[in-house]
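Here's the structure we're looking at; comments come further down.
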2 protein chains.
Amino acid sequence: MSSASSPLAVPHDAPYGVRNLPYGVFSTAGGPAARRVGVAYGDHVLDAGAAARATGAPADVAAALAAPSLNPLLAGGPALWDRTRAALTAWLTEDAHRAAVAPCLLPRADVTLHLPFEVADYVDFYASEHHAANIGRIFRPGSEPLTPNWKHLPIGYHGRAGTIVVSGTPVVRPCGQRKAAADPAPDFGPSRRLDIEAELGFVVGTPSPLGGRVALADADAHVFGVCLVNDWSARDLQSWEYVPLGPFLGKSFATSVSPWVVPLAALADARTAPPVRDTEPLPYLDDRAAHPPYGLDIALEVRLNGHVVARPPFAAMYWTYAQMLAHLTVNGASLRTGDFFASGTISGPERESRGALIELSWNGEQPLELPDGTRRSFLEDGDEVVISATAPGPDGTRIGLGEVSGRIAPARR
Amino acid sequence: MSSASSPLAVPHDAPYGVRNLPYGVFSTAGGPAARRVGVAYGDHVLDAGAAARATGAPADVAAALAAPSLNPLLAGGPALWDRTRAALTAWLTEDAHRAAVAPCLLPRADVTLHLPFEVADYVDFYASEHHAANIGRIFRPGSEPLTPNWKHLPIGYHGRAGTIVVSGTPVVRPCGQRKAAADPAPDFGPSRRLDIEAELGFVVGTPSPLGGRVALADADAHVFGVCLVNDWSARDLQSWEYVPLGPFLGKSFATSVSPWVVPLAALADARTAPPVRDTEPLPYLDDRAAHPPYGLDIALEVRLNGHVVARPPFAAMYWTYAQMLAHLTVNGASLRTGDFFASGTISGPERESRGALIELSWNGEQPLELPDGTRRSFLEDGDEVVISATAPGPDGTRIGLGEVSGRIAPARR
């Protein structure tokens, strides 16, 4: 880790090393209160706008980094993304910049991190075959686990953009209508089946016009980067409301995201072939010729009150982000800068790789036994969930995706 | 109607009279190109920011009216809405303002109307019992027409905010996956079952905090006004994709809205009791003591290629906008200025009061016979749909809601 006397020295294998350079938005209590763009580097945050000024960066790079959110950088498209990343790399590695840049590195403990971008539309997919099949087995025992459409298209739905919150924001237990199958009518009260969904989210930078389509091969011209997502879910509200128009209040009370957006450019070594599919894709979803492939070998870890309860593997996802984006736009829907789409719960084939409590506890039939002697089927007030992840970087290093955390606050009556 | 020589004289019973004063956003080709707030008045549009300057309006009113969208006015809340409406009324009725205001009235034919507000989150409800029951009868013959939850909560889902477009925007026929029940697998191509949904939309002005709730009785402190909505729907895409997470690409390609937002303040005479409900509401949805009631007697008319094909009555809606808003926020979801929620298809009990072609043609079994000798089950390329509406105003007048129109452009292959 870097020390105060040498803020530019970050070990080769640090999760926020020079091959990562994730972007966020921060403010400082002691310094200027304004929100500004930061880049995680070792234990520090680079005040990127200040570094741009100190190094005499080109005007477009400096303007994007001087903004109070990532949106201007996102809107700049791949050419600006590449030039900005090259500039950051130079500032943090070249002796010529050391004196100018050193004062722009702030200890991470001294900054407050904010939602890194203004969310336009939020879409949540359902791209894990293991998750979808588990849910099918739990709720429709005896039928086919997957619905007939599942392997033909990445199922998705729009979520509430306005309740996306940054990691660390308390999550108030939602109230709503609850009705078990045996109840004659619903009652009203706090959710009794509050759950998590460990997901990966994709941040759209480059917009696209209404009536057009983004081809699968153009995904990387539109997607800037990734962050971690906890799509909190009230299963009792959801199960009563969701037929026929899908999840609504069971999801819309809060969706937490990690503060650092890792650029796709930092994930080149994580590219991996998606699982073999057993259904012929329609041409607009056919990624079999993609080089590099669009699968991502990202390893997640879910901790509940400090205990690891799951290790979901993103590499096991059936549908890739490129397929999700191609599908989202194939009907002519436009993209805006700040659009955000998430993968849906990431679950692998093993029990310990499942990314939601409803799967881990098999709908409450097999509660989790935590090492501290407590048991959980769903979340209790005061519980804290932390989802973290890493990906392979160059030369055996790891790229850190940081974490998304949230603690459950009691319902407001 | 007003004449060029006397722009302030508008007949008492004109749809855009002084008791209406709907807000929009316009630009002029000849004058300044910038978008600015306008108010419909007779055959004219009042350049509201210019009028504020010319009359020496209070600073907050002038600032809201000088904006390029309605969002600053919306964010101002009921006190600003009331003061702005009072100022507009004075400008258009008092002799003292005549000379200052007259130059600010532009012939409506000379302006271009734009999307009137920046949409934050978009939610679509399903609040017509007649519509929901018709859809149930069409798709689930032999079962109960309504799902068990329908009379306990206003079912809703999030739609795509980024593809909300202003009236007159061409609607490109969407492509997507189509699969009839008998087909072994989906194919890809233009929707063959492109439909309309005639709806009323509600524009949220005042935000609310995350974790809070908007009580039914506080709805009018948050909802600014209404516009007309055509929620274009590709039924073939929708029916294949929507289980289990709801509509997605079947709706997200375009949603058209009317350019004029009619303030709730103009609809006082339209307040009417909603239909008698046969299911006891949970307390947060109980509007039985509301005075005035939250039902709205708004009469819609749907024209297809110039022929009236339906007259949907908003007064027949089971759920009111106050119930929709109370439900939307009961789980603690926050509101943002610019949030927009629509009623879902408005259908009454008679065939000619149904607000969607799938109901009017009974899923294509009973095509509409138009007076020009053509028949329609769903929309063909080149078809134009115009939805208009009026509501009762004071003293036997009518409040015009204007219209939302759209023409179908051929699919892009």
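Within each chain, counting starts at residue 1; across the structure tokens, chains are named A, B, ... in the order shown, with ligands numbered 1 upward in that order.
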For this session: Report the residues of region 188-221 of chain A whose backbone DSSP state falls under helix (DSSP H, G or I), written as a list in words.
Result: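 Matching residues for helix (DSSP H, G or I) in region 188-221 of chain A are Leu216, Ala217, Asp218, Ala219, Asp220 and Ala221 of chain A.
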For this session: Check the DSSP output for the backbone and give back, as a list in words, the residues of region 90-152 of chain A in strand (DSSP E or B).
Result: Leu105, Leu106, Pro107, Val111, Thr112, Leu113, His114, Tyr122, Val123, Asp124 and Phe125 of chain A
I need the residues from that last selection saved to file as a tab-separated table (two decimals), in the first residue's frame (with all heavy atoms), if you can.
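For reference, out.tsv as written:
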chain	number	residue	atom	x	y	z
A	105	LEU	N	-3.52	13.64	-4.48
A	105	LEU	CA	-3.87	12.32	-3.94
A	105	LEU	C	-4.31	12.48	-2.49
A	105	LEU	O	-3.52	12.93	-1.63
A	105	LEU	CB	-2.68	11.37	-4.05
A	105	LEU	CG	-2.45	10.82	-5.45
A	105	LEU	CD1	-1.03	10.30	-5.60
A	105	LEU	CD2	-3.46	9.71	-5.77
A	106	LEU	N	-5.54	12.14	-2.19
A	106	LEU	CA	-6.11	12.30	-0.86
A	106	LEU	C	-6.31	10.92	-0.25
A	106	LEU	O	-6.74	9.99	-0.94
A	106	LEU	CB	-7.47	13.01	-0.95
A	106	LEU	CG	-7.50	14.26	-1.85
A	106	LEU	CD1	-8.92	14.76	-2.00
A	106	LEU	CD2	-6.61	15.34	-1.25
A	107	PRO	N	-6.04	10.78	1.04
A	107	PRO	CA	-6.31	9.48	1.68
A	107	PRO	C	-7.79	9.11	1.51
A	107	PRO	O	-8.68	9.96	1.71
A	107	PRO	CB	-5.96	9.73	3.15
A	107	PRO	CG	-5.02	10.89	3.13
A	107	PRO	CD	-5.45	11.74	1.97
A	111	VAL	N	-12.35	11.04	2.37
A	111	VAL	CA	-13.33	11.53	1.39
A	111	VAL	C	-14.66	10.81	1.60
A	111	VAL	O	-14.72	9.72	2.15
A	111	VAL	CB	-12.86	11.32	-0.07
A	111	VAL	CG1	-11.44	11.87	-0.27
A	111	VAL	CG2	-12.94	9.87	-0.48
A	112	THR	N	-15.70	11.48	1.17
A	112	THR	CA	-17.04	10.87	1.13
A	112	THR	C	-17.36	10.55	-0.32
A	112	THR	O	-17.21	11.40	-1.19
A	112	THR	CB	-18.09	11.86	1.68
A	112	THR	OG1	-17.73	12.20	3.02
A	112	THR	CG2	-19.48	11.25	1.66
A	113	LEU	N	-17.79	9.30	-0.54
A	113	LEU	CA	-18.10	8.88	-1.91
A	113	LEU	C	-19.60	9.01	-2.16
A	113	LEU	O	-20.42	8.73	-1.29
A	113	LEU	CB	-17.64	7.44	-2.12
A	113	LEU	CG	-16.11	7.26	-2.04
A	113	LEU	CD1	-15.75	5.79	-1.96
A	113	LEU	CD2	-15.44	7.92	-3.24
A	114	HIS	N	-19.94	9.42	-3.37
A	114	HIS	CA	-21.34	9.66	-3.74
A	114	HIS	C	-21.73	8.77	-4.92
A	114	HIS	O	-20.87	8.12	-5.52
A	114	HIS	CB	-21.52	11.13	-4.12
A	114	HIS	CG	-21.12	12.07	-3.03
A	114	HIS	ND1	-21.92	12.33	-1.95
A	114	HIS	CD2	-19.97	12.78	-2.83
A	114	HIS	CE1	-21.31	13.17	-1.13
A	114	HIS	NE2	-20.12	13.46	-1.64
A	122	TYR	N	-32.98	2.62	-15.79
A	122	TYR	CA	-32.40	1.44	-15.14
A	122	TYR	C	-33.17	0.20	-15.60
A	122	TYR	O	-34.39	0.15	-15.50
A	122	TYR	CB	-32.50	1.60	-13.62
A	122	TYR	CG	-32.23	0.34	-12.82
A	122	TYR	CD1	-31.15	-0.48	-13.10
A	122	TYR	CD2	-33.05	-0.01	-11.75
A	122	TYR	CE1	-30.90	-1.63	-12.36
A	122	TYR	CE2	-32.81	-1.15	-10.99
A	122	TYR	CZ	-31.74	-1.96	-11.31
A	122	TYR	OH	-31.51	-3.09	-10.58
A	123	VAL	N	-32.43	-0.76	-16.11
A	123	VAL	CA	-33.01	-2.04	-16.53
A	123	VAL	C	-32.33	-3.15	-15.74
A	123	VAL	O	-31.11	-3.12	-15.57
A	123	VAL	CB	-32.82	-2.27	-18.05
A	123	VAL	CG1	-33.17	-3.70	-18.44
A	123	VAL	CG2	-33.66	-1.28	-18.84
A	124	ASP	N	-33.11	-4.09	-15.29
A	124	ASP	CA	-32.55	-5.24	-14.59
A	124	ASP	C	-32.84	-6.49	-15.40
A	124	ASP	O	-33.99	-6.73	-15.80
A	124	ASP	CB	-33.17	-5.34	-13.19
A	124	ASP	CG	-32.37	-6.23	-12.26
A	124	ASP	OD1	-31.15	-6.39	-12.49
A	124	ASP	OD2	-32.96	-6.75	-11.29
A	125	PHE	N	-31.80	-7.27	-15.67
A	125	PHE	CA	-31.98	-8.51	-16.42
A	125	PHE	C	-32.10	-9.69	-15.46
A	125	PHE	O	-32.19	-9.52	-14.24
A	125	PHE	CB	-30.83	-8.68	-17.42
A	125	PHE	CG	-30.99	-7.80	-18.64
A	125	PHE	CD1	-30.39	-6.54	-18.69
A	125	PHE	CD2	-31.77	-8.20	-19.71
A	125	PHE	CE1	-30.56	-5.72	-19.81
A	125	PHE	CE2	-31.94	-7.39	-20.83
A	125	PHE	CZ	-31.33	-6.15	-20.87
For this session: Return the neighbours of chain B among the residues of chain A, cut-off 6 Å, counting only C-alpha atoms, as an MDAnalysis selection string.
Result: chainID A and resid 157:159 174:176 245:246 248 253 331:333
Quick one: write out the picked residues with all heavy atoms as a short mmCIF file (atom, residue, chain, number, x, y, z; two decimals), in the first residue's frame?
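Now in result_38.cif:
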data_model
loop_
_atom_site.label_atom_id
_atom_site.label_comp_id
_atom_site.auth_asym_id
_atom_site.auth_seq_id
_atom_site.Cartn_x
_atom_site.Cartn_y
_atom_site.Cartn_z
N TYR A 157 -36.50 -6.10 -17.32
CA TYR A 157 -37.61 -5.19 -17.01
C TYR A 157 -37.00 -3.89 -16.51
O TYR A 157 -35.84 -3.85 -16.08
CB TYR A 157 -38.54 -5.80 -15.95
CG TYR A 157 -37.90 -5.93 -14.60
CD1 TYR A 157 -38.13 -5.01 -13.59
CD2 TYR A 157 -36.99 -6.96 -14.34
CE1 TYR A 157 -37.48 -5.10 -12.36
CE2 TYR A 157 -36.35 -7.05 -13.13
CZ TYR A 157 -36.60 -6.12 -12.14
OH TYR A 157 -35.95 -6.22 -10.94
N HIS A 158 -37.77 -2.83 -16.59
CA HIS A 158 -37.29 -1.55 -16.09
C HIS A 158 -37.50 -1.45 -14.58
O HIS A 158 -38.55 -1.81 -14.07
CB HIS A 158 -38.01 -0.39 -16.78
CG HIS A 158 -37.54 -0.16 -18.18
ND1 HIS A 158 -38.10 -0.80 -19.26
CD2 HIS A 158 -36.54 0.61 -18.67
CE1 HIS A 158 -37.45 -0.43 -20.36
NE2 HIS A 158 -36.52 0.43 -20.04
N GLY A 159 -36.48 -0.95 -13.91
CA GLY A 159 -36.56 -0.69 -12.48
C GLY A 159 -36.61 0.81 -12.22
O GLY A 159 -36.65 1.62 -13.15
N PRO A 174 -38.95 -2.10 3.68
CA PRO A 174 -40.16 -1.57 3.06
C PRO A 174 -41.42 -2.19 3.67
O PRO A 174 -41.40 -3.34 4.11
CB PRO A 174 -40.02 -1.98 1.60
CG PRO A 174 -39.23 -3.24 1.65
CD PRO A 174 -38.26 -3.07 2.81
N CYS A 175 -42.49 -1.41 3.66
CA CYS A 175 -43.81 -1.93 3.99
C CYS A 175 -44.58 -2.17 2.69
O CYS A 175 -44.26 -1.60 1.65
CB CYS A 175 -44.57 -0.93 4.85
SG CYS A 175 -43.94 -0.79 6.54
N GLY A 176 -45.60 -2.96 2.81
CA GLY A 176 -46.42 -3.20 1.64
C GLY A 176 -47.42 -4.30 1.89
O GLY A 176 -47.61 -4.74 3.03
N LEU A 245 -47.70 -7.93 -14.45
CA LEU A 245 -46.85 -6.90 -15.05
C LEU A 245 -45.44 -6.81 -14.47
O LEU A 245 -44.68 -5.91 -14.80
CB LEU A 245 -47.54 -5.53 -15.02
CG LEU A 245 -48.87 -5.48 -15.79
CD1 LEU A 245 -49.44 -4.07 -15.79
CD2 LEU A 245 -48.70 -5.97 -17.22
N GLY A 246 -45.08 -7.78 -13.61
CA GLY A 246 -43.70 -7.84 -13.15
C GLY A 246 -43.47 -7.18 -11.81
O GLY A 246 -44.39 -6.64 -11.18
N PHE A 248 -42.50 -4.59 -8.89
CA PHE A 248 -42.71 -3.15 -8.78
C PHE A 248 -42.26 -2.72 -7.38
O PHE A 248 -41.08 -2.48 -7.15
CB PHE A 248 -44.17 -2.84 -9.08
CG PHE A 248 -44.56 -1.40 -9.10
CD1 PHE A 248 -43.70 -0.44 -9.61
CD2 PHE A 248 -45.81 -0.98 -8.64
CE1 PHE A 248 -44.07 0.90 -9.63
CE2 PHE A 248 -46.19 0.36 -8.67
CZ PHE A 248 -45.31 1.29 -9.16
N PHE A 253 -37.87 0.14 -3.70
CA PHE A 253 -37.55 0.94 -2.52
C PHE A 253 -36.07 1.30 -2.43
O PHE A 253 -35.72 2.32 -1.84
CB PHE A 253 -38.01 0.21 -1.24
CG PHE A 253 -37.46 -1.17 -1.10
CD1 PHE A 253 -36.32 -1.39 -0.36
CD2 PHE A 253 -38.06 -2.26 -1.74
CE1 PHE A 253 -35.79 -2.67 -0.23
CE2 PHE A 253 -37.54 -3.53 -1.63
CZ PHE A 253 -36.40 -3.74 -0.87
N ASN A 331 -35.55 -3.19 -30.47
CA ASN A 331 -36.86 -2.66 -30.86
C ASN A 331 -36.79 -1.18 -31.20
O ASN A 331 -37.83 -0.55 -31.41
CB ASN A 331 -37.87 -2.90 -29.73
CG ASN A 331 -37.58 -2.06 -28.49
OD1 ASN A 331 -36.46 -1.56 -28.34
ND2 ASN A 331 -38.56 -1.93 -27.62
N GLY A 332 -35.60 -0.61 -31.25
CA GLY A 332 -35.47 0.80 -31.58
C GLY A 332 -35.40 1.71 -30.37
O GLY A 332 -35.31 2.94 -30.52
N ALA A 333 -35.42 1.15 -29.17
CA ALA A 333 -35.29 1.98 -27.96
C ALA A 333 -33.94 2.67 -27.98
O ALA A 333 -32.92 2.06 -28.27
CB ALA A 333 -35.45 1.14 -26.70
#
Problem set entry | Between CA of Ile358 (chain A) and CA of Ala181 (chain A) - distance in Å to one decimal |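 Separating CA of Ala181 (chain A) from CA of Ile358 (chain A) is a distance of 17.2 Å.
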Exercise. Out of A:Gly142, A:Gly306, A:Gly348, A:Pro371, which residue has the shortest atom-to-atom distance to Glu384 (chain A) when counting only C-alpha atoms?
Worked result: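 Closest residue, counting only C-alpha atoms: A:Gly306.
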For this session: Excluding Glu199 (chain B) and any residue of its chain fewer than 2 positions from it, enumerate the residues within 9 Å of it, using only C-alpha atoms, and give them as a PyMOL selection string.
Result: chain B and resi 197+201+227-231+300+314+342-346+355+387
Since we have the selection now, will you write its residues out, keeping all heavy atoms, as a CSV table (one decimal), in the first residue's frame?
chain,number,residue,atom,x,y,z
B,197,GLU,N,-52.5,2.4,-26.7
B,197,GLU,CA,-53.2,2.4,-25.4
B,197,GLU,C,-53.5,3.8,-25.1
B,197,GLU,O,-52.6,4.6,-24.9
B,197,GLU,CB,-52.3,1.7,-24.3
B,197,GLU,CG,-52.1,0.2,-24.6
B,197,GLU,CD,-51.7,-0.6,-23.3
B,197,GLU,OE1,-51.1,0.0,-22.4
B,197,GLU,OE2,-51.9,-1.8,-23.4
B,201,GLY,N,-51.9,10.6,-18.2
B,201,GLY,CA,-50.6,10.6,-17.4
B,201,GLY,C,-50.6,11.8,-16.4
B,201,GLY,O,-51.1,12.8,-16.6
B,227,CYS,N,-51.5,15.0,-18.7
B,227,CYS,CA,-51.4,15.1,-20.1
B,227,CYS,C,-51.9,13.7,-20.7
B,227,CYS,O,-52.2,12.8,-19.9
B,227,CYS,CB,-50.0,15.4,-20.6
B,227,CYS,SG,-48.8,14.3,-20.2
B,228,LEU,N,-52.1,13.7,-22.0
B,228,LEU,CA,-52.6,12.5,-22.6
B,228,LEU,C,-51.4,11.6,-23.0
B,228,LEU,O,-50.4,12.1,-23.4
B,228,LEU,CB,-53.4,12.9,-23.8
B,228,LEU,CG,-54.7,13.6,-23.5
B,228,LEU,CD1,-55.4,14.2,-24.8
B,228,LEU,CD2,-55.7,12.6,-22.8
B,229,VAL,N,-51.7,10.3,-23.1
B,229,VAL,CA,-50.6,9.4,-23.3
B,229,VAL,C,-51.1,8.3,-24.3
B,229,VAL,O,-52.2,7.9,-24.2
B,229,VAL,CB,-50.2,8.6,-22.0
B,229,VAL,CG1,-49.1,7.6,-22.3
B,229,VAL,CG2,-49.8,9.6,-20.9
B,230,ASN,N,-50.2,8.0,-25.3
B,230,ASN,CA,-50.4,6.8,-26.1
B,230,ASN,C,-49.3,5.9,-25.8
B,230,ASN,O,-48.2,6.1,-26.3
B,230,ASN,CB,-50.5,7.2,-27.6
B,230,ASN,CG,-51.0,6.0,-28.4
B,230,ASN,OD1,-50.9,4.8,-27.9
B,230,ASN,ND2,-51.4,6.2,-29.7
B,231,ASP,N,-49.6,4.8,-25.1
B,231,ASP,CA,-48.6,3.9,-24.7
B,231,ASP,C,-48.5,2.8,-25.8
B,231,ASP,O,-49.1,1.7,-25.6
B,231,ASP,CB,-48.9,3.3,-23.4
B,231,ASP,CG,-47.9,2.3,-22.9
B,231,ASP,OD1,-46.7,2.4,-23.2
B,231,ASP,OD2,-48.3,1.4,-22.2
B,300,LEU,N,-62.3,11.0,-23.3
B,300,LEU,CA,-61.3,10.8,-24.4
B,300,LEU,C,-61.9,10.4,-25.7
B,300,LEU,O,-63.0,9.8,-25.7
B,300,LEU,CB,-60.2,9.8,-24.0
B,300,LEU,CG,-59.2,10.2,-23.0
B,300,LEU,CD1,-59.7,10.1,-21.6
B,300,LEU,CD2,-57.9,9.3,-23.1
B,314,PHE,N,-62.6,8.4,-18.7
B,314,PHE,CA,-61.7,8.2,-17.5
B,314,PHE,C,-62.5,8.1,-16.2
B,314,PHE,O,-62.0,7.5,-15.3
B,314,PHE,CB,-60.7,9.4,-17.4
B,314,PHE,CG,-59.6,9.2,-16.5
B,314,PHE,CD1,-58.5,8.4,-16.9
B,314,PHE,CD2,-59.5,9.7,-15.2
B,314,PHE,CE1,-57.5,8.1,-16.0
B,314,PHE,CE2,-58.5,9.5,-14.4
B,314,PHE,CZ,-57.5,8.7,-14.8
B,342,ALA,N,-48.7,6.9,-15.5
B,342,ALA,CA,-49.9,6.9,-16.4
B,342,ALA,C,-50.9,5.9,-15.9
B,342,ALA,O,-50.5,4.9,-15.1
B,342,ALA,CB,-49.4,6.6,-17.8
B,343,SER,N,-52.1,6.0,-16.3
B,343,SER,CA,-53.2,5.2,-15.8
B,343,SER,C,-53.3,3.8,-16.3
B,343,SER,O,-53.9,3.0,-15.7
B,343,SER,CB,-54.5,5.9,-16.1
B,343,SER,OG,-54.7,6.0,-17.6
B,344,GLY,N,-52.6,3.5,-17.4
B,344,GLY,CA,-52.9,2.3,-18.1
B,344,GLY,C,-54.1,2.6,-19.0
B,344,GLY,O,-54.8,3.6,-18.9
B,345,THR,N,-54.4,1.7,-19.9
B,345,THR,CA,-55.4,1.8,-20.9
B,345,THR,C,-56.8,2.2,-20.3
B,345,THR,O,-57.1,1.5,-19.3
B,345,THR,CB,-55.6,0.5,-21.7
B,345,THR,OG1,-54.4,0.2,-22.3
B,345,THR,CG2,-56.7,0.7,-22.8
B,346,ILE,N,-57.4,3.2,-20.8
B,346,ILE,CA,-58.7,3.6,-20.3
B,346,ILE,C,-59.8,2.9,-21.1
B,346,ILE,O,-59.9,3.2,-22.3
B,346,ILE,CB,-58.9,5.1,-20.4
B,346,ILE,CG1,-57.7,5.8,-19.7
B,346,ILE,CG2,-60.2,5.6,-19.9
B,346,ILE,CD1,-57.6,7.3,-20.0
B,355,GLY,N,-60.1,1.5,-25.0
B,355,GLY,CA,-58.9,2.3,-25.4
B,355,GLY,C,-57.8,1.6,-26.0
B,355,GLY,O,-56.7,2.2,-26.2
B,387,ILE,N,-55.4,10.9,-30.1
B,387,ILE,CA,-56.2,10.8,-28.9
B,387,ILE,C,-56.4,12.2,-28.4
B,387,ILE,O,-55.4,12.9,-28.2
B,387,ILE,CB,-55.5,9.9,-27.9
B,387,ILE,CG1,-55.2,8.5,-28.5
B,387,ILE,CG2,-56.3,9.8,-26.6
B,387,ILE,CD1,-54.3,7.7,-27.6
